[in-house]
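Contents: one structure, followed by commentary.
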Amino acid sequence: MEEKPVAEGEVDEKLYSRQLYVMGHEAQRRMMSSRALVVGLSGLGAETAKNCILAGLSELILLDPIPPTTFDLGGNFYLSESDVNSPKGRAELTRDKLAELNPYVNVSTAQCSPDANSIQEKIMSLISGLSVVVITIPLDNSTVIAINEKCREHNVSFIYSFTAGVFAKIFCDFGDAFVVSDKDGEIPATAQVESMLPTNPIVVKVLEDQGRHNLETGDVVEFSRLDGMKALNNTQHAVKVTGPYTFELQPNDVNTATAADKESEGGATQGYIAQIKQPVSVEFKSYSESLKNPGEMLMSDFAKFDRPPFLLLAFKALAVYQSKHGGNLPPPGDSASAKEFVEIAESLDTENLLKEGAEEKKKLLLHFASGSQSILSPMCAALGGIVGQEVLKACSGKFMPIKGFFFLDATECLPVDIPEDAAVDSCNPRYDSQRIVFGKSIQDKICSLNYFLVGAGAIGCEMLKNWALMGVGCNSSGHVYVTDMDTIEKSNLSRQFLFRSKDIGQLKSETASNAVKAMNPDMNITGYAEKVGPSTENVFGDEFFGSLSGVCTALDNVEARLYMDSKCLFYRLPMLESGTLGTKGNTQVVIPHVTENYGATRDPPEKSIPVCTLKNFPNQIEHTLQWSRDFFEGVFKQSAEDTNAYLSSTDEEYREALAKQANTKLETLKTIKKMLNEDRPLSFEDCIVWARLLFNDMFHNQIQQLLFNFPQDQITSTGTKFWSGSKRCPKPLIFNPSEVCTDAQMRNHYDFIVAAANLRASLYGIKPVGDEAFILSTIENVMVPDFVAKEGVKIAANDAEAKEMDSNGGAGGHMDVDNECDLLLDELPSPSSLAGFRLAPIEFDKDVDEHMLFVTACSNLRALNYGIPTADTHKSRAIAGKIIPAIATTTALVTGLVCLELYKTVGTAKRELKIDAYKNGFVNLAIPFMTLSEPTGPAATKALVKGKEWNWTAWDSIDINEGDITLKELMDYFVKEYNAEISMLSSGVSILYSFFANKKKVAERMAMPISEVVKSVTKSDLPDNKFIILEVICNDCDTDEELELPYVRFCYR
């Protein structure tokens, strides 16, 4: 396939910020020059179009002249009941609202008659010049084959996908030689050289303390900043992996010449290794070929390994049924049509796929036929995410496409037999798609749900849209509650599709609530701007959680997830959890007493960077960025806050507050003195001078002092070079405002001065001057003192030395800190002499360009000190701001999968489901890969209570609803109900009773109600709820053996 065009215009990094960390700039530019055709604007077509528009294609053409039916209301979020009687087609009715999603995308409709021949002719006329054609409605096989062949002739990628109730298929054909630039979406592997031996082949060993090299044989790497064997710098080589920390360079002329080079006789030490991803060419089969010989098909659920061929047969049978009935699908609930469909499938079953498990498969075929017209929002969302990403792959060449067929089903949601009440409802047709699959009674249950959605970001928006289409909380008994503290930013608009540019600055929860209310006016929804946590239990308390049917989390942090998990455990509520990381997504369904809870398993904490590494021995850009962030925080925020604290206090108040800063008070006062006396600027010129001197101190003088303490040729006590391994020998920088760094192509010297001066001016309320000539002229006139090394300065060579120095009072040794502080306080201007003067502390914000320019330039300068590859602002923003890569396609997919699990919690299967019916999901759209698997059950603890075994789990508690009984009555209750004697009773960290406690106090408490005991011991009032959580340690009254029991949920109100 020919090289894809690249758009010449600038990428809007503010809008596509999070997506760019998934796709990259080049792939984004390719998408911005691509044209796609979407045929069919029912549920799946609308989802696919939405995701493609949000991603930023150049042009999207919509083709669907067919007027909407009531079934379309189940999946197309931009159609309403009034549209069902419209003579207009689905594309025309939804085009304007879709176009609002992204002003950069040209969204148009192609017009034709609604008959099959006209649609085919129109598609054929549009193919030339497109990047991809996407068909999302069932068409006759001959039509699909003809369109596919025309696409192949014109080097146009082809995707055919549609949903039929809880069944769905995708087919992709991107031609005979489709070039994929990045086959897995993983960040290219990087490592640092420990040694390179000049043998043939050259042997490379990486630093083990930096982790494995994560390379595979055949990967291509590039070297940079090698110390020795410098002919290999900036050259690329294929590798042969020999171990997790070693590899060989596959022989070539450069290796041989380098090995013989005199300079290379000692090999190389230190240096950087970066994987260079190589494009691969992928061959696809046409739709016609694939129907005859589908080959290996992508699995979605390994518990249903025989499902893909069965579903291929079912979709083939559906195409035959359509051709026999003028393109129509089997009518819902029509037994004769369903029977005919089954007979067609049996006649096509040349491989006897229906023979094994015949009865079950026949029932699935009957469900398939009866629900084939059903457009279910969760299936459309899930498929729309996958198909949307396939479109982006076709347009950008980024990530590995699906080769051939992919099938997905959610048959666990189905009842055994077709429900008797599965029928359309002329009075309320909005939910016809769900009624014909699950029945009216189930639809009523869905509308009666009371759900709490925590988070209204990308996942939250998609979830609310799905719920509006499903009818969650849409009758007098149901309600949806959503909370999110955040306001809308521009970077949200490429993923959080309920928001528009006019909404920037508004609360997410309120805006999202209004948007879904417009989609389905029947939805009862309340938005909050409250954080979930102990501080808001007056809002989200017993009464609130007691009214819920379940909780759905759409959060971006583990702490809040764990808190919600604890609440779901306590109130025995289902919790639907999901998250995304670029093209990767995960879903977890938590069902009371059936599955483990969210917090039962946790990821290990992130490794922190050693302090010594940050201060003096960085070797990665992550180190210099963290150092730069810390510096920003100290100089532009903390120092201003410390100064304001001094200015806002009386002398007595400030001395009292200062006394609490035992280890930092001296540094605090030195900083305040500089801020108010020595370095206080009166003009922008003063800010420039300060920035220039700061540059010299940070990137020249401090490095010179470090080399004075640890010279380049220093040898350690063990006889090894001090500057070796992960310790890179630095070099001081000579200021040059014109210098541009090789890697990031940035004027770091100049950028640092400008950003630092502007931020300094902002602190003091001084107006900055943006004229470069003025700035350069001011810099030239700055008198920079020569460096003089300081004797006696201690610098820790490792973390152990750093800790020892801290414990001894820091690098300054023992001094009279209090006396020094008194002297400094006397030198400070009195707060009264500066009445009304305050500094403006600056809180770091990764999305503020001025902040990022400083952090990036500062980090890059330190990287240049240590010979570390620099990073541009875009990459630095991701690392310093800890940005989570995100794209709308993955978000849509995970919310679809979550909502399929929501069906199960409501009872769509009309039977008690075992754990294997629920599915946790993990997806990676880049590979592509999906696995739906059975959740883990809750871990059980065995206790022998009154001679009977009780295997209790985290879902269990001892519920006592006897009122606010006394401590003595509680003790008696345990003896009576559990034959257990309490030896210790606690609430939180407070011990209410113990067998070894003071006898007098115990006697007093025995007569007190439990609530009074808790208040007495904790010396605080009880929160406004009806439960007290108690922990017990007790022994069996007969055996005296310790009895391990769950916590006590004591209802005292």
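Residue numbering restarts at 1 for every chain of the structure tokens, chains are lettered A, B, ... in their displayed order, and ligands are numbered from 1 as they appear.
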(request) Tell me which protein, DNA and RNA residues are within 10 Å of range 900-917 of chain A, counting only C-alpha atoms, leaving out same-chain ones fewer than 4 positions away, and put them as a PyMOL selection string. (result) chain A and resi 166+303+376-379+382+409-417+419+434+437-439+441-443+445-446+448-449+467+470+472+549-550+552+574-576+587-591+593-595+894-896+933-937
Limited to C-alpha atoms, could you put the picked residues into a file as a JSON list (two decimals), in the first residue's frame?
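Result file is again_33.json:
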```json
[["chain", "number", "residue", "atom", "x", "y", "z"],
["A", 166, "VAL", "CA", -25.68, -9.33, 22.01],
["A", 303, "ALA", "CA", -13.62, -19.91, 27.91],
["A", 376, "LEU", "CA", -27.98, -2.39, 22.20],
["A", 377, "SER", "CA", -25.98, 0.58, 23.44],
["A", 378, "PRO", "CA", -23.31, -1.45, 25.30],
["A", 379, "MET", "CA", -22.58, -3.61, 22.25],
["A", 382, "ALA", "CA", -17.76, -1.72, 22.68],
["A", 409, "ASP", "CA", -20.87, -11.89, 22.18],
["A", 410, "ALA", "CA", -22.42, -11.44, 25.60],
["A", 411, "THR", "CA", -24.63, -14.50, 25.74],
["A", 412, "GLU", "CA", -24.28, -14.64, 29.54],
["A", 413, "CYS", "CA", -26.72, -11.69, 29.58],
["A", 414, "LEU", "CA", -29.43, -13.76, 27.86],
["A", 415, "PRO", "CA", -32.15, -15.78, 29.54],
["A", 416, "VAL", "CA", -32.31, -19.49, 28.68],
["A", 417, "ASP", "CA", -35.40, -18.99, 26.52],
["A", 419, "PRO", "CA", -38.76, -14.02, 27.17],
["A", 434, "GLN", "CA", -33.74, -4.06, 24.97],
["A", 437, "VAL", "CA", -33.91, -9.26, 23.88],
["A", 438, "PHE", "CA", -34.59, -9.18, 27.63],
["A", 439, "GLY", "CA", -38.32, -8.57, 27.99],
["A", 441, "SER", "CA", -40.02, -6.76, 33.09],
["A", 442, "ILE", "CA", -36.25, -6.46, 32.84],
["A", 443, "GLN", "CA", -36.54, -3.09, 31.13],
["A", 445, "LYS", "CA", -35.90, -3.03, 36.43],
["A", 446, "ILE", "CA", -33.26, -1.12, 34.44],
["A", 448, "SER", "CA", -35.75, 1.59, 38.36],
["A", 449, "LEU", "CA", -32.01, 1.43, 39.07],
["A", 467, "TRP", "CA", -27.16, 4.68, 30.64],
["A", 470, "MET", "CA", -30.39, 1.89, 28.29],
["A", 472, "VAL", "CA", -30.93, 3.59, 33.78],
["A", 549, "SER", "CA", -28.56, -0.34, 43.46],
["A", 550, "GLY", "CA", -24.85, -0.11, 42.72],
["A", 552, "CYS", "CA", -19.78, 2.68, 39.01],
["A", 574, "PRO", "CA", -22.08, -4.14, 43.16],
["A", 575, "MET", "CA", -19.17, -2.03, 41.94],
["A", 576, "LEU", "CA", -18.36, -1.64, 38.25],
["A", 587, "THR", "CA", -12.80, -3.69, 33.48],
["A", 588, "GLN", "CA", -13.63, -5.36, 36.78],
["A", 589, "VAL", "CA", -17.04, -6.40, 38.03],
["A", 590, "VAL", "CA", -17.41, -6.66, 41.79],
["A", 591, "ILE", "CA", -20.46, -8.63, 42.96],
["A", 593, "HIS", "CA", -20.41, -12.47, 48.02],
["A", 594, "VAL", "CA", -19.56, -13.70, 44.49],
["A", 595, "THR", "CA", -16.32, -11.98, 43.47],
["A", 894, "VAL", "CA", -14.41, -0.37, 28.28],
["A", 895, "THR", "CA", -17.67, 1.41, 29.08],
["A", 896, "GLY", "CA", -19.48, -0.90, 26.68],
["A", 933, "SER", "CA", -12.22, -13.85, 31.94],
["A", 934, "GLU", "CA", -13.96, -15.13, 35.04],
["A", 935, "PRO", "CA", -13.38, -12.91, 38.10],
["A", 936, "THR", "CA", -11.63, -14.24, 41.17],
["A", 937, "GLY", "CA", -13.83, -15.31, 44.06]]
```
(message) List as a PyMOL selection string the protein and nucleic acid residues near range 11-14 of chain A, meaning an atom at most 9 Å away when only C-alpha atoms are counted, but skip any in the same chain fewer than 4 places from it.
(response) chain A and resi 18+20+25+28-29+32+490-491+847+874
(request) Would you work out the distance separating CA of Leu733 in chain A from CA of Asp227 in chain A, expressed in Å to one decimal? (result)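 We find that CA of Leu733 in chain A and CA of Asp227 in chain A lie 19.1 Å from each other.
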(request) Could you please write out, as a ChimeraX atom specification, every residue of range 518-598 of chain A that DSSP assigns to helix (DSSP H, G or I)? (result) /A:518-519,534-536,542-546,558-571,598
Compile a residue-level contact table for range 882-950 of chain A against range 957-974 of chain A at a cut-off of 12 Å, reporting for every qualifying residue the shortest atom pair and its distance in Å to one decimal, with only C-alpha atoms counted, rows ordered by chain and ascending number, as CSV.
```
residue,atom,partner,partner_atom,distance
A:Val945,CA,A:Phe974,CA,10.8
A:Lys946,CA,A:Phe974,CA,11.3
A:Trp950,CA,A:Ser957,CA,11.9
```
(request) Excluding range 68-81 of chain A and any residue of its chain fewer than 6 positions from it, enumerate the residues within 8 Å of it, using only C-alpha atoms, and give them as a PyMOL selection string. (result) chain A and resi 41-44+46-47+89-90+93-94+97+373-377+380+429-434+465+469-470+519
(message) Residues within 10 Å of Lys615 in chain A, please, as a list in words. Count only C-alpha atoms; anything in the same chain fewer than 2 positions from it doesn't count.
(response) Pro610, Val611, Cys612, Thr613, Phe617, Pro618, His623, Thr624, Trp627, Ile795 and Ala796 of chain A
Considering only C-alpha atoms, give me a table of residues in range 634-731 of chain A that are at most 12 Å from range 830-840 of chain A, with the closest atom pair and distance in Å for each, as CSV.
```
residue,atom,partner,partner_atom,distance
A:Val635,CA,A:Ala840,CA,11.8
A:Phe636,CA,A:Ala840,CA,8.7
A:Lys637,CA,A:Ala840,CA,8.2
A:Gln638,CA,A:Ala840,CA,10.7
A:Ser639,CA,A:Leu839,CA,9.3
A:Ala640,CA,A:Leu839,CA,5.7
A:Glu641,CA,A:Leu839,CA,7.7
A:Asp642,CA,A:Leu839,CA,9.7
A:Thr643,CA,A:Leu839,CA,7.5
A:Asn644,CA,A:Arg838,CA,5.9
A:Ala645,CA,A:Arg838,CA,9.5
A:Tyr646,CA,A:Pro831,CA,7.2
A:Leu647,CA,A:Pro831,CA,4.7
A:Ser648,CA,A:Pro831,CA,7.1
A:Ser649,CA,A:Pro831,CA,7.6
A:Thr650,CA,A:Pro831,CA,7.8
A:Asp651,CA,A:Ser830,CA,8.6
A:Tyr654,CA,A:Pro831,CA,10.7
A:Ile672,CA,A:Leu839,CA,11.2
A:Lys673,CA,A:Ser830,CA,11.3
A:Met675,CA,A:Leu839,CA,9.2
A:Leu676,CA,A:Leu834,CA,9.5
A:Asn677,CA,A:Ser830,CA,11.4
A:Arg680,CA,A:Leu839,CA,10.7
A:Pro681,CA,A:Leu839,CA,11.7
```
Glu356 in chain A: which residues within 12 Å, counting only C-alpha atoms, same-chain residues fewer than 5 positions away excluded, as a PDB file with N, CA and C atoms, in the first residue's frame?
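New file out.pdb:
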```pdb
ATOM      1  N   ASP A 306     -14.668 -22.225  21.068  1.00  0.00           N
ATOM      2  CA  ASP A 306     -15.338 -22.664  19.844  1.00  0.00           C
ATOM      3  C   ASP A 306     -16.352 -21.635  19.348  1.00  0.00           C
ATOM      4  N   ARG A 307     -16.428 -20.484  19.982  1.00  0.00           N
ATOM      5  CA  ARG A 307     -17.445 -19.498  19.624  1.00  0.00           C
ATOM      6  C   ARG A 307     -17.191 -18.794  18.291  1.00  0.00           C
ATOM      7  N   PHE A 310     -18.611 -20.645  15.310  1.00  0.00           N
ATOM      8  CA  PHE A 310     -20.069 -20.708  15.447  1.00  0.00           C
ATOM      9  C   PHE A 310     -20.695 -19.378  15.037  1.00  0.00           C
ATOM     10  N   GLU A 351     -19.116 -28.147   8.542  1.00  0.00           N
ATOM     11  CA  GLU A 351     -18.076 -28.639   9.445  1.00  0.00           C
ATOM     12  C   GLU A 351     -18.655 -29.211  10.735  1.00  0.00           C
ATOM     13  N   LYS A 361     -26.636 -24.606  21.384  1.00  0.00           N
ATOM     14  CA  LYS A 361     -26.349 -23.791  20.205  1.00  0.00           C
ATOM     15  C   LYS A 361     -27.626 -23.440  19.441  1.00  0.00           C
ATOM     16  N   LYS A 362     -28.601 -24.339  19.445  1.00  0.00           N
ATOM     17  CA  LYS A 362     -29.869 -24.020  18.787  1.00  0.00           C
ATOM     18  C   LYS A 362     -30.556 -22.866  19.506  1.00  0.00           C
TER      19      LYS A 362
END
```
(message) Measuring between only C-alpha atoms, which one of A:Ala954, A:Ile66, A:Leu15, A:Leu693 shows the shortest distance to Gln111 in chain A?
(response)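 When distances to Gln111 in chain A are compared using only C-alpha atoms, the smallest one comes from A:Ile66.
Reported to one decimal place, the separation of CA of Tyr1052 in chain A from CA of Ile1033 in chain A is 20.7 Å.
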(message) Just want the 8 Å neighbourhood of Lys942 in chain A, counted on only C-alpha atoms, with same-chain residues fewer than 5 positions away dropped. Output as a PyMOL selection string.
(response) chain A and resi 949-952+1044
Filtering to C-alpha atoms, could you give me those residues as a PDB file, in the first residue's frame?
```pdb
ATOM      1  CA  GLU A 949     -17.634 -24.094  60.215  1.00  0.00           C
ATOM      2  CA  TRP A 950     -18.159 -20.555  58.958  1.00  0.00           C
ATOM      3  CA  ASN A 951     -16.121 -19.542  55.916  1.00  0.00           C
ATOM      4  CA  TRP A 952     -16.538 -15.796  55.909  1.00  0.00           C
ATOM      5  CA  GLU A1044     -11.188 -15.040  64.034  1.00  0.00           C
TER       6      GLU A1044
END
```
(request) Excluding range 212-222 of chain A and any residue of its chain fewer than 3 positions from it, enumerate the residues within 8 Å of it, using only C-alpha atoms, and give them as a ChimeraX atom specification. (result) /A:189-191,206,208,233-241,244-246,273-278
Go ahead and write the selection's residues with C-alpha atoms as an mmCIF file, in the first residue's frame.
```cif
data_model
loop_
_atom_site.group_PDB
_atom_site.id
_atom_site.type_symbol
_atom_site.label_atom_id
_atom_site.label_comp_id
_atom_site.auth_asym_id
_atom_site.auth_seq_id
_atom_site.Cartn_x
_atom_site.Cartn_y
_atom_site.Cartn_z
ATOM 1 C CA ALA A 189 12.762 0.145 24.988
ATOM 2 C CA THR A 190 15.630 2.163 26.450
ATOM 3 C CA ALA A 191 18.656 1.134 28.476
ATOM 4 C CA VAL A 206 23.344 -2.867 30.213
ATOM 5 C CA GLU A 208 21.288 -3.941 35.832
ATOM 6 C CA ASN A 233 27.160 6.878 18.271
ATOM 7 C CA ASN A 234 23.974 7.697 16.317
ATOM 8 C CA THR A 235 24.184 4.431 14.351
ATOM 9 C CA GLN A 236 21.484 1.742 14.214
ATOM 10 C CA HIS A 237 22.018 -2.020 14.583
ATOM 11 C CA ALA A 238 19.944 -5.166 14.803
ATOM 12 C CA VAL A 239 20.485 -7.134 18.017
ATOM 13 C CA LYS A 240 20.670 -10.765 19.063
ATOM 14 C CA VAL A 241 19.510 -11.135 22.640
ATOM 15 C CA PRO A 244 17.962 -10.059 30.090
ATOM 16 C CA TYR A 245 20.907 -7.659 30.482
ATOM 17 C CA THR A 246 23.066 -8.588 27.485
ATOM 18 C CA ILE A 273 20.502 2.650 23.972
ATOM 19 C CA ALA A 274 17.150 3.374 22.314
ATOM 20 C CA GLN A 275 15.007 0.925 20.376
ATOM 21 C CA ILE A 276 14.066 2.116 16.879
ATOM 22 C CA LYS A 277 10.751 0.616 15.835
ATOM 23 C CA GLN A 278 10.730 -0.897 12.361
#
```
(message) Can you measure CA of Ser566 in chain A to CA of Asp484 in chain A for me? One decimal in Å is fine.
(response)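 So the two atoms, CA of Ser566 in chain A and CA of Asp484 in chain A, lie 19.0 Å apart.
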(message) Could you go through range 898-955 of chain A and tell me which residues DSSP, when run on the backbone, assigns to strand (DSSP E or B), listing them as a VMD selection string?
(response) chain A and resid 920 to 924 929 to 933 941 to 945 948 to 952
